[in-house]
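A.B. asks: Here you go, input07.txt (compact mmCIF, C-alpha atoms):
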# COMPACT_ATOMS: atom_id res chain seq x y z
CA MET A 1 -3.66 -71.56 47.93
CA PRO A 2 -5.60 -68.54 46.89
CA ILE A 3 -4.39 -66.73 43.81
CA ARG A 4 -3.55 -63.15 44.59
CA LYS A 5 -4.44 -60.51 42.19
CA ARG A 6 -1.57 -58.23 41.36
CA LYS A 7 -2.14 -54.66 42.27
CA ARG A 8 -2.46 -52.50 39.20
CA MET A 9 -0.16 -49.50 39.09
CA ASP A 10 -1.88 -46.21 38.58
CA LEU A 11 -0.77 -44.85 35.21
CA VAL A 12 -0.71 -41.08 35.46
CA LEU A 13 0.84 -38.87 32.89
CA PRO A 14 1.77 -35.58 34.50
CA THR A 15 0.36 -32.86 32.25
CA SER A 16 0.44 -29.92 34.60
CA SER A 17 3.62 -28.51 33.00
CA MET A 18 2.21 -28.63 29.44
CA GLY A 19 0.49 -25.30 29.94
CA ASP A 20 3.74 -23.71 31.05
CA ILE A 21 5.53 -25.10 27.97
CA ALA A 22 2.82 -23.78 25.66
CA PHE A 23 2.94 -20.31 27.20
CA LEU A 24 6.74 -20.31 27.00
CA LEU A 25 6.42 -21.11 23.28
CA ILE A 26 3.95 -18.25 22.79
CA ILE A 27 6.27 -15.82 24.61
CA PHE A 28 9.25 -17.01 22.56
CA PHE A 29 7.45 -16.46 19.25
CA ILE A 30 6.20 -13.03 20.31
CA LEU A 31 9.72 -11.93 21.26
CA ALA A 32 11.39 -13.49 18.23
CA SER A 33 8.96 -11.94 15.74
CA ASN A 34 10.02 -8.90 13.81
CA PHE A 35 6.98 -6.66 13.66
CA MET A 36 6.65 -4.19 10.81
CA LYS A 37 7.34 -0.69 12.02
CA SER A 38 5.20 0.85 9.31
CA ALA A 39 2.25 -1.53 9.54
CA ASN A 40 -0.29 1.15 10.44
CA ILE A 41 0.64 3.51 7.60
CA GLU A 42 -1.74 3.50 4.67
CA ALA A 43 0.17 3.23 1.41
CA GLU A 44 -0.96 1.18 -1.57
CA LYS A 45 1.93 -0.72 -3.15
CA PRO A 46 2.81 -0.14 -6.80
CA SER A 47 3.22 -3.15 -9.07
CA SER A 48 5.76 -4.27 -11.64
CA GLN A 49 6.92 -7.47 -13.29
CA GLU A 50 10.55 -6.65 -12.53
CA VAL A 51 10.54 -7.17 -8.77
CA ASP A 52 12.02 -10.02 -6.74
CA ALA A 53 12.22 -11.03 -3.10
CA ILE A 54 14.35 -8.56 -1.16
CA ASP A 55 16.31 -8.58 2.08
CA ASP A 56 14.94 -7.14 5.28
CA ALA A 57 15.18 -3.39 5.55
CA GLN A 58 17.67 -1.53 7.67
CA VAL A 59 15.55 1.60 7.35
CA ASP A 60 11.95 1.96 6.18
CA VAL A 61 10.93 5.13 4.38
CA VAL A 62 7.23 5.38 3.55
CA ILE A 63 5.14 8.06 1.88
CA ASP A 64 1.47 7.43 2.65
CA LYS A 65 -1.60 8.19 0.56
CA ASN A 66 -1.78 11.72 1.98
CA GLY A 67 1.83 12.48 1.00
CA LYS A 68 3.14 12.32 4.58
CA PHE A 69 6.70 11.08 5.08
CA TYR A 70 7.63 8.39 7.60
CA VAL A 71 11.11 7.20 8.51
CA GLN A 72 11.12 4.03 10.67
CA GLY A 73 7.39 4.51 11.25
CA VAL A 74 7.79 8.04 12.62
CA GLU A 75 6.36 10.97 10.70
CA VAL A 76 8.97 13.48 9.58
CA ASP A 77 8.82 16.80 7.81
CA ARG A 78 9.62 16.57 4.09
CA ASN A 79 12.55 18.96 4.52
CA LEU A 80 14.11 16.74 7.16
CA ILE A 81 14.01 13.38 5.34
CA GLU A 82 17.70 13.42 4.50
CA SER A 83 18.85 13.98 8.06
CA ALA A 84 16.29 11.50 9.42
CA VAL A 85 17.52 8.81 7.01
CA GLN A 86 21.18 9.59 7.77
CA GLN A 87 20.46 9.28 11.46
CA ALA A 88 18.52 6.02 11.03
CA VAL A 89 21.14 4.43 8.78
CA GLY A 90 24.04 5.37 11.05
CA GLU A 91 27.18 3.44 10.17
CA HIS A 92 25.41 0.59 8.37
CA ARG A 93 25.58 2.18 4.92
CA ASP A 94 25.66 -1.14 3.09
CA LYS A 95 22.24 -2.17 4.40
CA PRO A 96 19.29 -1.31 2.14
CA VAL A 97 16.80 1.50 2.68
CA HIS A 98 13.32 0.40 1.62
CA LEU A 99 11.20 3.06 -0.03
CA LEU A 100 7.46 2.45 -0.20
CA VAL A 101 5.37 5.13 -1.86
CA ASP A 102 1.60 5.10 -2.35
CA LYS A 103 1.00 4.20 -5.99
CA ASN A 104 -1.29 7.15 -6.68
CA LEU A 105 1.05 9.92 -5.52
CA GLN A 106 2.36 12.33 -8.12
CA LYS A 107 5.82 13.63 -8.91
CA LYS A 108 5.72 16.61 -6.54
CA ASP A 109 4.93 14.27 -3.63
CA PHE A 110 7.61 11.61 -4.12
CA MET A 111 10.45 13.54 -5.78
CA PRO A 112 11.75 15.10 -2.52
CA ALA A 113 12.26 11.60 -1.10
CA ILE A 114 14.09 10.36 -4.21
CA GLU A 115 16.37 13.40 -4.17
CA ALA A 116 17.03 13.07 -0.44
CA LEU A 117 17.89 9.38 -0.74
CA GLY A 118 20.13 10.12 -3.72
CA SER A 119 22.01 12.71 -1.64
CA CYS A 120 22.36 10.28 1.29
CA GLY A 121 24.30 7.86 -0.88
CA VAL A 122 22.50 4.84 0.51
CA LYS A 123 21.42 1.65 -1.21
CA VAL A 124 17.77 2.19 -2.15
CA VAL A 125 15.27 -0.59 -2.72
CA LEU A 126 11.90 0.34 -4.17
CA VAL A 127 9.15 -1.77 -2.62
CA GLY A 128 6.28 -3.04 -4.75
CA GLU A 129 4.23 -6.05 -5.72
CA LYS A 130 4.98 -8.47 -8.52
CA LYS A 131 2.23 -8.30 -11.14
CA MET B 1 -23.87 -30.86 69.87
CA ARG B 2 -22.20 -28.90 67.11
CA ASN B 3 -22.84 -29.87 63.60
CA ARG B 4 -19.86 -28.72 61.56
CA LYS B 5 -20.57 -28.03 57.93
CA GLU B 6 -18.11 -29.56 55.57
CA ARG B 7 -16.25 -26.92 53.61
CA ALA B 8 -16.52 -27.18 49.87
CA LYS B 9 -13.10 -27.57 48.34
CA ALA B 10 -12.36 -24.54 46.16
CA GLU B 11 -10.36 -25.63 43.18
CA ILE B 12 -9.86 -24.28 39.69
CA GLU B 13 -9.53 -26.91 37.07
CA THR B 14 -6.31 -26.20 35.18
CA GLY B 15 -6.03 -29.42 33.27
CA SER B 16 -7.58 -27.99 30.11
CA PHE B 17 -5.38 -24.87 30.05
CA SER B 18 -2.65 -26.60 28.10
CA ASP B 19 -5.16 -27.83 25.51
CA ILE B 20 -6.49 -24.32 25.09
CA SER B 21 -3.05 -22.76 24.70
CA PHE B 22 -1.87 -25.42 22.24
CA LEU B 23 -5.04 -24.90 20.22
CA LEU B 24 -4.29 -21.17 20.20
CA ILE B 25 -0.73 -21.78 18.99
CA ILE B 26 -1.93 -24.11 16.23
CA PHE B 27 -4.59 -21.60 15.17
CA PHE B 28 -2.10 -18.73 14.91
CA VAL B 29 0.51 -20.84 13.12
CA LEU B 30 -2.04 -21.95 10.54
CA THR B 31 -3.65 -18.56 9.99
CA THR B 32 -0.44 -16.52 9.79
CA THR B 33 0.86 -15.69 6.35
CA PHE B 34 4.47 -14.65 6.31
CA GLU B 35 4.85 -11.87 3.79
CA LYS B 36 8.17 -11.74 2.03
CA ALA B 37 8.84 -8.23 0.82
CA THR B 38 9.35 -7.78 -2.90
CA GLY B 39 11.01 -4.90 -4.69
CA ARG B 40 14.04 -3.89 -6.72
CA ALA B 41 17.29 -2.21 -5.75
CA VAL B 42 17.92 0.89 -7.82
CA ASP B 43 20.99 3.06 -8.22
CA ILE B 44 20.05 6.66 -7.67
CA PRO B 45 23.00 8.97 -8.28
CA SER B 46 23.08 12.20 -6.30
CA ALA B 47 22.08 15.30 -8.25
CA SER B 48 24.74 16.06 -10.84
CA PRO B 49 25.69 19.55 -11.95
CA PRO B 50 23.95 20.74 -15.17
CA ASP B 51 27.13 20.68 -17.30
CA GLN B 52 27.52 16.95 -16.67
CA GLN B 53 23.96 16.43 -17.79
CA VAL B 54 24.62 18.30 -21.00
CA GLN B 55 27.70 16.17 -21.60
CA ALA B 56 25.65 13.05 -21.02
CA GLU B 57 23.07 14.18 -23.53
CA GLU B 58 25.74 14.91 -26.12
CA LYS B 59 27.07 11.39 -25.75
CA LYS B 60 23.73 10.01 -26.87
CA THR B 61 22.62 8.66 -23.54
CA PRO B 62 19.40 6.64 -23.58
CA THR B 63 16.56 8.87 -22.50
CA VAL B 64 13.15 7.80 -21.26
CA ASN B 65 10.38 10.36 -21.17
CA ILE B 66 7.48 9.28 -18.97
CA MET B 67 4.17 10.92 -19.68
CA ALA B 68 0.73 10.24 -18.22
CA ASP B 69 -0.43 8.24 -21.25
CA LYS B 70 2.77 7.14 -23.02
CA ILE B 71 6.48 6.44 -22.73
CA LEU B 72 8.97 7.92 -25.17
CA PHE B 73 12.41 6.42 -25.70
CA GLY B 74 15.28 8.08 -27.49
CA MET B 75 19.06 8.22 -27.52
CA GLY B 76 19.36 11.82 -26.42
CA GLU B 77 18.89 13.34 -29.85
CA GLN B 78 18.13 17.02 -29.48
CA GLU B 79 15.82 17.22 -32.46
CA SER B 80 13.31 14.55 -31.37
CA ALA B 81 11.57 13.75 -28.11
CA GLY B 82 11.87 10.03 -28.83
CA GLU B 83 9.81 7.18 -30.10
CA GLN B 84 6.69 5.93 -28.35
CA VAL B 85 7.27 2.50 -26.77
CA SER B 86 5.48 0.10 -24.47
CA LEU B 87 7.13 -1.15 -21.26
CA ALA B 88 8.04 -4.46 -22.90
CA GLU B 89 9.55 -2.64 -25.90
CA LEU B 90 11.48 -0.35 -23.56
CA LYS B 91 12.99 -3.38 -21.86
CA VAL B 92 14.01 -4.92 -25.20
CA ARG B 93 15.57 -1.63 -26.39
CA LEU B 94 17.53 -1.25 -23.16
CA MET B 95 18.66 -4.88 -23.22
CA LYS B 96 20.08 -4.33 -26.70
CA LEU B 97 22.32 -1.62 -25.25
CA ASN B 98 23.87 -4.25 -22.95
CA LEU B 99 24.10 -1.77 -20.09
CA SER B 100 25.03 -4.28 -17.39
CA ALA B 101 28.37 -4.99 -19.12
CA LYS B 102 29.35 -1.30 -19.21
CA PRO B 103 31.14 0.74 -16.54
CA GLU B 104 28.87 2.67 -14.18
CA LYS B 105 29.23 6.05 -15.91
CA GLU B 106 28.01 4.61 -19.20
CA ARG B 107 25.07 2.78 -17.64
CA MET B 108 23.17 5.99 -17.08
CA VAL B 109 19.60 6.25 -18.37
CA ILE B 110 18.10 9.71 -18.24
CA VAL B 111 14.52 9.78 -16.98
CA GLU B 112 12.33 12.79 -17.63
CA MET B 113 8.77 12.87 -16.46
CA ALA B 114 5.69 15.00 -16.55
CA GLU B 115 4.18 16.46 -13.37
CA GLU B 116 1.05 14.31 -13.57
CA VAL B 117 2.96 11.00 -13.65
CA ASP B 118 2.06 8.85 -10.65
CA TRP B 119 4.38 6.61 -8.63
CA ASP B 120 2.96 3.38 -10.07
CA ARG B 121 3.96 4.41 -13.59
CA TYR B 122 7.34 5.73 -12.50
CA PHE B 123 7.94 2.51 -10.49
CA LYS B 124 7.28 0.31 -13.52
CA VAL B 125 9.74 2.24 -15.68
CA VAL B 126 12.47 2.56 -13.05
CA THR B 127 12.35 -1.13 -12.07
CA THR B 128 12.59 -2.05 -15.76
CA ILE B 129 15.67 0.16 -16.16
CA ALA B 130 17.23 -1.25 -12.99
CA GLN B 131 16.51 -4.82 -14.09
CA VAL B 132 18.59 -4.41 -17.26
CA GLY B 133 21.43 -2.82 -15.30
CA GLY B 134 20.77 0.86 -15.94
CA VAL B 135 21.45 3.68 -13.49
CA VAL B 136 18.52 6.08 -13.25
CA ALA B 137 19.41 9.74 -13.64
CA ILE B 138 16.50 12.06 -13.10
CA VAL B 139 16.46 15.32 -14.99
CA GLU B 140 14.91 18.23 -13.18
CA GLU B 141 13.48 20.98 -15.31
CA GLN B 142 15.05 24.31 -14.39
What do you get writing this file as structure tokens?
C.D. replies:
Amino acid sequence: MPIRKRKRMDLVLPTSSMGDIAFLLIIFFILASNFMKSANIEAEKPSSQEVDAIDDAQVDVVIDKNGKFYVQGVEVDRNLIESAVQQAVGEHRDKPVHLLVDKNLQKKDFMPAIEALGSCGVKVVLVGEKK
Amino acid sequence: MRNRKERAKAEIETGSFSDISFLLIIFFVLTTTFEKATGRAVDIPSASPPDQQVQAEEKKTPTVNIMADKILFGMGEQESAGEQVSLAELKVRLMKLNLSAKPEKERMVIVEMAEEVDWDRYFKVVTTIAQVGGVVAIVEEQ
């Protein structure tokens, strides 16, 4: 009696859906990321030893190296900072407002922002590096 | 007799697409640095009327005078501008006042500064005051 060879089963791992999964992951991470609104604004951070990690900002206020004011990444006139911040904060008054000012700016450039934020009555967090 | 040419099968190889996209994901995950923001919360009171400031000065409120090349610290004495201190000394002096244990009105530290003071210098002083529990009150020259 002849010995019959068993037929080998073709082992195929279906990989065609792997590409879809990878692209779905990419799309998920892109959508779930929180991109900085003020990433394109040029402002050199000041440094201090007395800084710690801080919560995410509700509102970002930035004064760039040319002394221009930005609220939530949008340039605003220095006389309108208070109303722009009030509008951006809305009802969430307990959430912090992050203030980033270029380290080389002088008093006349940053004082209007400090005064405006003081008048708004919001929680202000000064942003800087630990050094 | 017709000799039919065999059509070449047009097919795009997609098997390597998943490898490419996973390599891309791994590359971006490894090269991304997640930056955690650092800073310090400060209490900035809204501008107070001048008579309140005078009262505060009479009560010997700690006063920090920031200049371009030095920092002066005093207790609001009218006759002297204050004593020259370093940032570390300023912190020690303020810690001795135990501001964080006091009610908000008594935690006030008056900050005066010259026009040429830059934000970096101001930031260092203000974060030091905030760290020891002080409330920064900025005096505007009239």
A.B. asks: Taking only C-alpha atoms into account, find every residue of chain B that has an atom no more than 6 Å from chain A, and write it out as number ranges by chain.
C.D. replies: B: 17-18, 37-42, 44-46, 115-120, 124, 127-128
A.B. asks: In Å to one decimal, how far is atom CA of A:Lys95 from atom CA of A:Ile41?
C.D. replies: 22.6 Å
A.B. asks: Have a look at atom CA of B:Ala137 and atom CA of B:Ile110 and let me know their distance in Å, one decimal.
C.D. replies: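 These atoms are spaced 4.8 Å apart.
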A.B. asks: What is the distance, in Å and to one decimal place, between atom CA of A:Leu11 and atom CA of B:Ala10?
C.D. replies: 25.8 Å
A.B. asks: Fewer than 4 positions away in the same chain doesn't count, so skip those; otherwise give me all residues within 8 Å of stretch 67-74 of chain A, counting all atoms listed in the file, as an MDAnalysis selection string.
C.D. replies: chainID A and resid 37:38 41 59:63 78 81 84:85 88 105 109:110
